[in-house]
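Engineer: Sharing run-v6.tsv here; it has TSV, C-alpha atoms (C1' of nucleotides).
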```tsv
chain	number	residue	atom	x	y	z
A	7	MET	CA	61.99	34.46	9.12
A	8	ARG	CA	60.38	36.17	12.10
A	9	VAL	CA	59.40	33.83	14.95
A	10	ALA	CA	57.43	35.07	17.96
A	11	THR	CA	56.02	33.55	21.12
A	12	TRP	CA	53.25	34.99	23.29
A	13	ASN	CA	51.36	33.76	26.32
A	14	VAL	CA	48.08	35.47	25.47
A	15	ASN	CA	46.13	34.49	28.63
A	16	SER	CA	42.98	33.53	26.66
A	17	VAL	CA	43.14	33.97	22.91
A	18	LYS	CA	39.42	34.74	22.98
A	19	GLN	CA	39.85	37.71	25.31
A	20	ARG	CA	43.03	38.75	23.50
A	21	LEU	CA	41.67	38.75	19.96
A	22	PRO	CA	41.41	42.59	19.84
A	23	ARG	CA	45.12	42.72	20.69
A	24	LEU	CA	46.36	39.66	18.79
A	25	LEU	CA	45.06	40.49	15.32
A	26	PRO	CA	46.39	44.09	15.20
A	27	TRP	CA	49.67	42.81	16.62
A	28	LEU	CA	49.96	40.25	13.79
A	29	ASP	CA	49.36	43.06	11.30
A	30	GLU	CA	51.91	45.31	12.97
A	31	ARG	CA	54.75	42.85	13.62
A	32	ARG	CA	54.02	40.46	10.76
A	33	PRO	CA	55.63	37.39	12.30
A	34	ASP	CA	56.02	34.36	10.04
A	35	VAL	CA	55.65	31.88	12.87
A	36	VAL	CA	53.79	32.50	16.14
A	37	CYS	CA	53.74	30.24	19.19
A	38	LEU	CA	50.81	30.91	21.51
A	39	GLN	CA	50.27	29.71	25.07
A	40	GLU	CA	47.31	29.80	27.44
A	41	THR	CA	44.87	29.90	24.55
A	42	LYS	CA	42.22	28.47	26.93
A	43	LEU	CA	40.17	27.14	24.03
A	44	ALA	CA	39.27	23.67	22.82
A	45	ASP	CA	40.42	23.02	19.25
A	46	ASP	CA	36.99	23.35	17.68
A	47	ALA	CA	36.41	26.66	19.43
A	48	PHE	CA	39.88	27.85	18.36
A	49	THR	CA	39.05	27.05	14.75
A	50	ALA	CA	35.64	28.71	14.98
A	51	LEU	CA	37.20	31.86	16.40
A	52	LEU	CA	40.42	32.11	14.43
A	53	ALA	CA	40.21	30.23	11.12
A	54	GLU	CA	38.85	33.20	9.22
A	55	PRO	CA	41.08	36.00	10.54
A	56	LEU	CA	44.19	33.82	10.39
A	57	THR	CA	43.52	32.50	6.90
A	58	ALA	CA	42.92	36.04	5.71
A	59	ARG	CA	46.40	36.91	6.97
A	60	GLY	CA	47.99	33.90	5.28
A	61	TYR	CA	48.45	31.75	8.37
A	62	GLU	CA	47.93	28.05	8.74
A	63	PHE	CA	47.62	26.90	12.34
A	64	ALA	CA	47.93	23.91	14.62
A	65	ALA	CA	46.02	24.28	17.88
A	66	HIS	CA	46.18	21.93	20.83
A	67	GLY	CA	43.87	23.12	23.57
A	68	GLU	CA	41.29	22.36	26.18
A	69	SER	CA	38.21	24.25	27.25
A	70	ARG	CA	39.29	25.91	30.45
A	71	TRP	CA	43.03	26.24	31.06
A	72	ASN	CA	46.32	25.70	29.25
A	73	GLY	CA	46.26	25.41	25.45
A	74	VAL	CA	49.02	26.04	22.89
A	75	ALA	CA	49.18	26.72	19.16
A	76	VAL	CA	51.55	27.35	16.27
A	77	LEU	CA	50.60	29.79	13.52
A	78	SER	CA	52.69	29.83	10.35
A	79	ARG	CA	52.69	31.45	6.96
A	80	VAL	CA	55.86	29.63	5.84
A	81	GLY	CA	54.36	26.15	5.87
A	82	LEU	CA	53.10	23.86	8.61
A	83	ALA	CA	54.05	20.19	8.52
A	84	ASP	CA	54.59	17.21	10.80
A	85	VAL	CA	52.31	18.58	13.52
A	86	VAL	CA	52.56	16.71	16.83
A	87	PRO	CA	50.11	17.78	19.55
A	88	GLY	CA	50.94	16.88	23.13
A	89	MET	CA	53.49	14.51	24.62
A	90	PRO	CA	51.99	11.02	24.51
A	91	ASP	CA	54.49	9.60	26.98
A	92	GLY	CA	54.64	12.69	29.17
A	93	PRO	CA	53.29	13.04	32.70
A	94	GLY	CA	49.82	14.33	33.60
A	95	PHE	CA	48.22	15.99	36.62
A	96	PRO	CA	46.76	13.47	36.82
A	97	HIS	CA	45.69	13.58	33.19
A	98	GLN	CA	47.60	14.87	30.20
A	99	GLU	CA	47.22	18.60	29.64
A	100	ALA	CA	47.50	20.68	26.46
A	101	ARG	CA	50.97	22.13	27.02
A	102	VAL	CA	52.96	21.45	23.86
A	103	VAL	CA	52.49	21.35	20.11
A	104	ALA	CA	55.27	20.94	17.56
A	105	ALA	CA	55.35	21.69	13.83
A	106	THR	CA	57.86	22.22	11.05
A	107	CYS	CA	57.67	25.69	9.50
A	108	GLY	CA	59.94	26.67	6.62
A	109	GLY	CA	62.48	24.00	7.50
A	110	LEU	CA	62.53	24.97	11.18
A	111	ARG	CA	61.24	22.61	13.83
A	112	VAL	CA	59.11	24.69	16.19
A	113	TYR	CA	57.82	23.80	19.66
A	114	SER	CA	55.23	25.91	21.46
A	115	VAL	CA	55.39	25.00	25.14
A	116	TYR	CA	53.54	25.99	28.29
A	117	VAL	CA	55.44	24.52	31.23
A	118	PRO	CA	53.39	23.74	34.36
A	119	ASN	CA	53.45	26.47	36.99
A	120	GLY	CA	54.54	24.38	39.95
A	121	ARG	CA	52.43	26.38	42.42
A	122	THR	CA	54.44	25.71	45.60
A	123	PRO	CA	57.90	24.14	45.98
A	124	ASP	CA	57.70	20.43	46.80
A	125	SER	CA	53.96	20.30	46.05
A	126	ALA	CA	52.62	17.58	43.78
A	127	HIS	CA	52.29	20.19	41.04
A	128	TYR	CA	55.94	21.19	41.47
A	129	HIS	CA	57.07	17.60	40.97
A	130	TYR	CA	54.78	17.38	37.96
A	131	LYS	CA	56.54	20.47	36.59
A	132	LEU	CA	59.96	18.85	36.98
A	133	ALA	CA	58.77	15.56	35.47
A	134	TRP	CA	57.18	17.42	32.56
A	135	LEU	CA	60.44	19.26	31.86
A	136	ALA	CA	62.37	15.98	31.93
A	137	ALA	CA	59.91	14.44	29.47
A	138	LEU	CA	60.24	17.48	27.20
A	139	ARG	CA	64.00	17.13	27.29
A	140	SER	CA	63.78	13.47	26.24
A	141	ARG	CA	61.50	14.45	23.40
A	142	LEU	CA	63.78	17.27	22.21
A	143	ALA	CA	66.84	15.01	22.34
A	144	GLY	CA	65.28	13.07	19.49
A	145	GLU	CA	65.12	16.10	17.21
A	146	ASP	CA	67.74	16.81	14.59
A	147	GLY	CA	67.97	19.85	12.38
A	148	PRO	CA	67.29	23.48	13.20
A	149	LEU	CA	65.01	23.75	16.22
A	150	VAL	CA	63.39	26.45	18.34
A	151	VAL	CA	61.58	25.81	21.61
A	152	CYS	CA	59.37	28.81	22.31
A	153	GLY	CA	57.05	29.55	25.17
A	154	ASP	CA	56.28	30.18	28.79
A	155	VAL	CA	58.73	28.03	30.72
A	156	ASN	CA	57.58	29.34	34.11
A	157	ILE	CA	61.22	29.51	35.24
A	158	ALA	CA	63.38	32.61	35.57
A	159	PRO	CA	66.75	31.34	34.33
A	160	ALA	CA	68.81	33.55	36.67
A	161	ASP	CA	68.36	36.07	39.46
A	162	ALA	CA	68.72	38.84	36.87
A	163	ASP	CA	65.47	37.59	35.37
A	164	VAL	CA	63.33	38.65	38.35
A	165	TYR	CA	62.82	42.17	39.63
A	166	ASP	CA	63.76	41.27	43.18
A	167	PRO	CA	65.34	37.87	43.89
A	168	ALA	CA	64.60	38.28	47.60
A	169	ALA	CA	60.88	38.62	46.86
A	170	TYR	CA	60.94	35.19	45.21
A	171	ALA	CA	62.94	33.35	47.85
A	172	GLY	CA	61.17	30.12	48.67
A	173	HIS	CA	58.82	30.44	45.69
A	174	THR	CA	58.58	28.54	42.46
A	175	HIS	CA	60.18	29.82	39.23
A	176	VAL	CA	63.56	30.44	40.85
A	177	THR	CA	64.36	27.23	42.76
A	178	ALA	CA	67.53	25.30	42.04
A	179	PRO	CA	65.76	22.13	40.78
A	180	GLU	CA	63.70	24.18	38.31
A	181	ARG	CA	66.76	26.01	37.04
A	182	ALA	CA	68.64	22.71	36.80
A	183	ALA	CA	65.81	21.23	34.71
A	184	LEU	CA	65.99	24.25	32.40
A	185	GLY	CA	69.77	23.86	32.35
A	186	ARG	CA	69.38	20.33	31.04
A	187	LEU	CA	67.44	21.74	28.09
A	188	LEU	CA	70.22	24.24	27.45
A	189	ASP	CA	72.73	21.39	27.57
A	190	LEU	CA	71.12	19.69	24.55
A	191	PRO	CA	72.44	22.24	23.45
A	192	LEU	CA	69.96	25.08	23.07
A	193	ARG	CA	70.68	28.78	23.41
A	194	ASP	CA	68.59	31.42	25.18
A	195	VAL	CA	68.72	33.84	22.28
A	196	VAL	CA	67.28	36.91	24.03
A	197	ARG	CA	69.75	36.72	26.91
A	198	ASP	CA	72.56	36.05	24.42
A	199	ARG	CA	71.74	39.30	22.71
A	200	TRP	CA	71.08	41.37	25.86
A	201	PRO	CA	73.52	39.91	28.39
A	202	ASP	CA	73.34	42.76	30.90
A	203	GLU	CA	69.94	44.33	30.24
A	204	ARG	CA	66.85	44.36	32.44
A	205	VAL	CA	64.54	42.25	30.27
A	206	PHE	CA	61.19	40.95	31.50
A	207	THR	CA	58.33	39.21	29.68
A	208	TYR	CA	55.73	38.96	32.45
A	209	TRP	CA	54.33	41.52	34.87
A	210	ASP	CA	51.54	40.80	37.35
A	211	TYR	CA	48.31	42.62	36.54
A	212	ARG	CA	48.04	43.92	40.08
A	213	ALA	CA	49.46	46.88	41.91
A	214	GLY	CA	50.93	48.64	38.89
A	215	MET	CA	53.68	46.08	38.47
A	216	PHE	CA	54.10	46.76	34.76
A	217	HIS	CA	54.14	50.49	35.27
A	218	GLN	CA	57.00	50.05	37.75
A	219	ASP	CA	58.70	47.45	35.55
A	220	LEU	CA	58.53	44.85	38.31
A	221	GLY	CA	58.45	41.64	36.30
A	222	MET	CA	60.09	38.38	35.41
A	223	ARG	CA	61.63	36.88	32.29
A	224	ILE	CA	59.95	33.50	31.97
A	225	ASP	CA	59.02	33.43	28.26
A	226	LEU	CA	61.98	32.17	26.27
A	227	VAL	CA	63.09	31.27	22.78
A	228	LEU	CA	65.62	28.46	22.98
A	229	ALA	CA	67.39	27.71	19.69
A	230	SER	CA	69.60	24.86	18.53
A	231	PRO	CA	73.04	25.97	17.30
A	232	ALA	CA	72.00	25.83	13.63
A	233	ALA	CA	69.05	28.13	14.36
A	234	ALA	CA	70.84	30.33	16.91
A	235	ASP	CA	73.63	31.01	14.40
A	236	ARG	CA	71.02	32.64	12.18
A	237	VAL	CA	69.48	34.94	14.79
A	238	VAL	CA	69.86	38.58	13.80
A	239	ALA	CA	67.48	40.13	16.34
A	240	ALA	CA	65.80	38.99	19.56
A	241	TRP	CA	63.68	41.27	21.73
A	242	VAL	CA	60.63	41.58	23.97
A	243	ASP	CA	57.69	43.51	22.55
A	244	ARG	CA	56.81	45.50	25.70
A	245	HIS	CA	54.45	47.66	23.67
A	246	ALA	CA	52.00	44.75	23.53
A	247	ARG	CA	51.76	44.79	27.35
A	248	LYS	CA	50.54	48.40	27.36
A	249	GLY	CA	47.11	49.87	26.74
A	250	THR	CA	43.66	48.33	27.04
A	251	GLY	CA	43.11	44.65	27.68
A	252	PRO	CA	46.67	43.31	27.47
A	253	SER	CA	47.88	39.85	28.39
A	254	ASP	CA	50.04	39.79	31.51
A	255	HIS	CA	52.85	38.50	29.25
A	256	ALA	CA	54.59	40.34	26.40
A	257	PRO	CA	55.59	38.62	23.14
A	258	VAL	CA	59.18	37.66	22.40
A	259	VAL	CA	60.21	38.31	18.80
A	260	VAL	CA	63.20	36.68	17.06
A	261	ASP	CA	64.38	37.30	13.51
A	262	LEU	CA	66.36	34.62	11.69
A	263	ASP	CA	68.41	35.23	8.58
A	264	THR	CA	66.92	32.84	6.06
A	265	ALA	CA	66.81	32.08	2.37
A	266	PRO	CA	64.65	34.29	0.13
A	267	ASP	CA	61.85	31.69	0.25
A	268	GLY	CA	61.84	31.84	4.04
A	269	ALA	CA	63.41	28.42	4.45
A	270	ILE	CA	66.07	28.13	7.10
A	271	GLY	CA	68.13	25.39	5.45
A	272	PRO	CA	71.70	24.52	6.31
A	273	VAL	CA	74.23	27.17	7.12
A	274	VAL	CA	76.33	27.61	3.99
A	275	PRO	CA	79.81	29.05	4.41
A	276	PRO	CA	80.48	32.09	2.26
A	277	PRO	CA	82.43	31.36	-0.91
A	278	SER	CA	86.14	31.80	-0.59
A	279	ARG	CA	87.48	34.73	-2.52
A	280	PRO	CA	90.10	34.06	-5.10
A	281	ARG	CA	93.47	35.44	-4.07
A	282	ARG	CA	95.76	37.25	-6.37
B	159	DA	C1'	48.80	42.01	51.58
B	160	DT	C1'	46.97	36.79	53.52
B	161	DG	C1'	45.75	37.09	45.25
B	162	DC	C1'	45.88	44.04	45.35
B	163	DC	C1'	43.89	41.63	38.73
B	164	DT	C1'	42.17	38.65	35.13
B	165	DG	C1'	39.87	34.70	32.97
B	166	DA	C1'	36.89	30.38	32.78
B	167	DA	C1'	33.13	27.52	34.13
B	168	DG	C1'	29.14	27.56	35.95
B	169	DG	C1'	26.16	29.25	39.27
B	170	DG	C1'	25.16	33.22	42.81
B	171	DT	C1'	31.36	31.37	43.81
B	172	DT	C1'	35.61	28.83	43.08
B	173	DC	C1'	39.93	27.72	41.02
B	174	DA	C1'	44.09	29.02	38.66
B	175	DG	C1'	47.78	31.95	37.51
B	176	DA	C1'	53.48	33.24	39.02
```
Can the structure in the file be given as structure tokens, please?

Structural biologist:
Amino acid sequence: MRVATWNVNSVKQRLPRLLPWLDERRPDVVCLQETKLADDAFTALLAEPLTARGYEFAAHGESRWNGVAVLSRVGLADVVPGMPDGPGFPHQEARVVAATCGGLRVYSVYVPNGRTPDSAHYHYKLAWLAALRSRLAGEDGPLVVCGDVNIAPADADVYDPAAYAGHTHVTAPERAALGRLLDLPLRDVVRDRWPDERVFTYWDYRAGMFHQDLGMRIDLVLASPAAADRVVAAWVDRHARKGTGPSDHAPVVVDLDTAPDGAIGPVVPPPSRPRR
DNA sequence: ATGCCTGAAGGGTTCAGA
């Protein structure tokens, strides 16, 4: 099963990039963030091209900002949009949708930005992460939490730690909140696979930042042990950041070793060989 | 460089993003 996550920065503007990318990479499950579309507009725009490609979808959006979705061609069940008991700013925002796809529980998340350390939005970000953690603690079975977490887990995940001193995305409380997700436990499967590589998922549009590879790694796939044990590949699709009309984020792609029907199922130990 | 791009809503500009 191939699972991908992509902050598309407006699915409407990104349609000429998204549809060819689906055809090229052929992911089974796609988590989208910053769709920036209300659900009826999402359906009007995407129902036909997604259905033609075999995808069902669960969108949870709003008209102007935010917005998340899960696309799946391995089943889509138990959809939960939003976090009913989560914090708002001041109102609830469309930042999470969960669904079960081929036996895998999938969360598409768009963590609040935080804007400025110690601002009201920053405290909202921390409260939102705590609420997400409480929600995830109630999950059992194979789980992936995919999306734009708006936190660089370590200094290696920003192009220049000094440039971010005193800014959001790198502060100790944000990293601690992310750490409490990892303690559930969840594993950061891209960093697990590329422990010493320069890996970014976001580059500012301005000043040739992508061209100079001056970015951050803030889009993550976090997997429960049962799911992480099945990861056979995990990488950032930098190609999708190139060319005309890209998002400022690149997709993250993760391949899981699954049953022939695409179901993840329990990890079965290999049969013991008879000795002689 | 103090938002250098990009997108959305709505109106002739402002807010948000990281």

Engineer: Each residue of chain B lying at most 6 Å from chain A should get a row with its shortest atom-to-atom pair and the distance in Å to one decimal, counting all atoms listed in the file; could you produce that, ordered by chain and increasing number, as JSON lines?

Structural biologist:
```
{"residue": "B:DC162", "atom": "C1'", "partner": "A:Arg212", "partner_atom": "CA", "distance": 5.7}
{"residue": "B:DC163", "atom": "C1'", "partner": "A:Arg212", "partner_atom": "CA", "distance": 4.9}
{"residue": "B:DA166", "atom": "C1'", "partner": "A:Arg70", "partner_atom": "CA", "distance": 5.6}
```

Engineer: Name all residues at most 8 Å from region 184-188 of chain A (count all atoms listed in the file; drop same-chain ones fewer than 3 positions away) and give them as a ChimeraX atom specification.

Structural biologist: /A:135,139,157,159,180-181,191-194,228

Engineer: How many Å lie between CA of Cys152 (chain A) and CA of Asp225 (chain A), rounded to one decimal?

Structural biologist: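 A separation of 7.5 Å between them.
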
Engineer: Quote the spacing between CA of Asp34 (chain A) and CA of Arg244 (chain A) in Å to one decimal place.

Structural biologist: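 Value for the CA of Asp34 (chain A)-CA of Arg244 (chain A) distance: 19.2 Å.
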
Engineer: At what distance in Å, to one decimal, does CA of Leu21 (chain A) lie from CA of Phe48 (chain A)?

Structural biologist: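 These atoms are spaced 11.2 Å apart.
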
Engineer: Using all atoms listed in the file, determine which residues lie at most 6 Å from region 53-67 of chain A, disregarding the query and same-chain residues fewer than 6 positions distant; provide the list as a list in words.

Structural biologist: Leu43, Ala44, Asp45, Gly73, Val74, Ala75, Val76, Leu77, Ser78, Arg79, Pro87 and Ala100 of chain A

Engineer: Skip Asp202 (chain A) itself and residues of its chain fewer than 5 positions away, then list as a PDB file with C-alpha atoms, in the coordinates of the input all residues within 12 Å of it, counting all atoms listed in the file.

Structural biologist:
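Writing done, so here's out_28.pdb:
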```pdb
ATOM      1  CA  ALA A 160      68.810  33.550  36.670  1.00  0.00           C
ATOM      2  CA  ASP A 161      68.360  36.070  39.460  1.00  0.00           C
ATOM      3  CA  ALA A 162      68.720  38.840  36.870  1.00  0.00           C
ATOM      4  CA  ASP A 163      65.470  37.590  35.370  1.00  0.00           C
ATOM      5  CA  VAL A 196      67.280  36.910  24.030  1.00  0.00           C
ATOM      6  CA  ARG A 197      69.750  36.720  26.910  1.00  0.00           C
TER       7      ARG A 197
END
```

Engineer: Considering all atoms listed in the file, state which residue in the set A:Phe216, A:Tyr128, A:Trp134, A:Phe206 is at the smallest distance from Trp241 (chain A).

Structural biologist: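 When distances to Trp241 (chain A) are compared using all atoms listed in the file, the smallest one comes from A:Phe206.
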
Engineer: Determine the nearest neighbour of Asn13 (chain A) from the options A:Ala171, A:Val36, A:Val112, A:Val80, counting all atoms listed in the file.

Structural biologist: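 The answer is A:Val36, which sits nearest to Asn13 (chain A).
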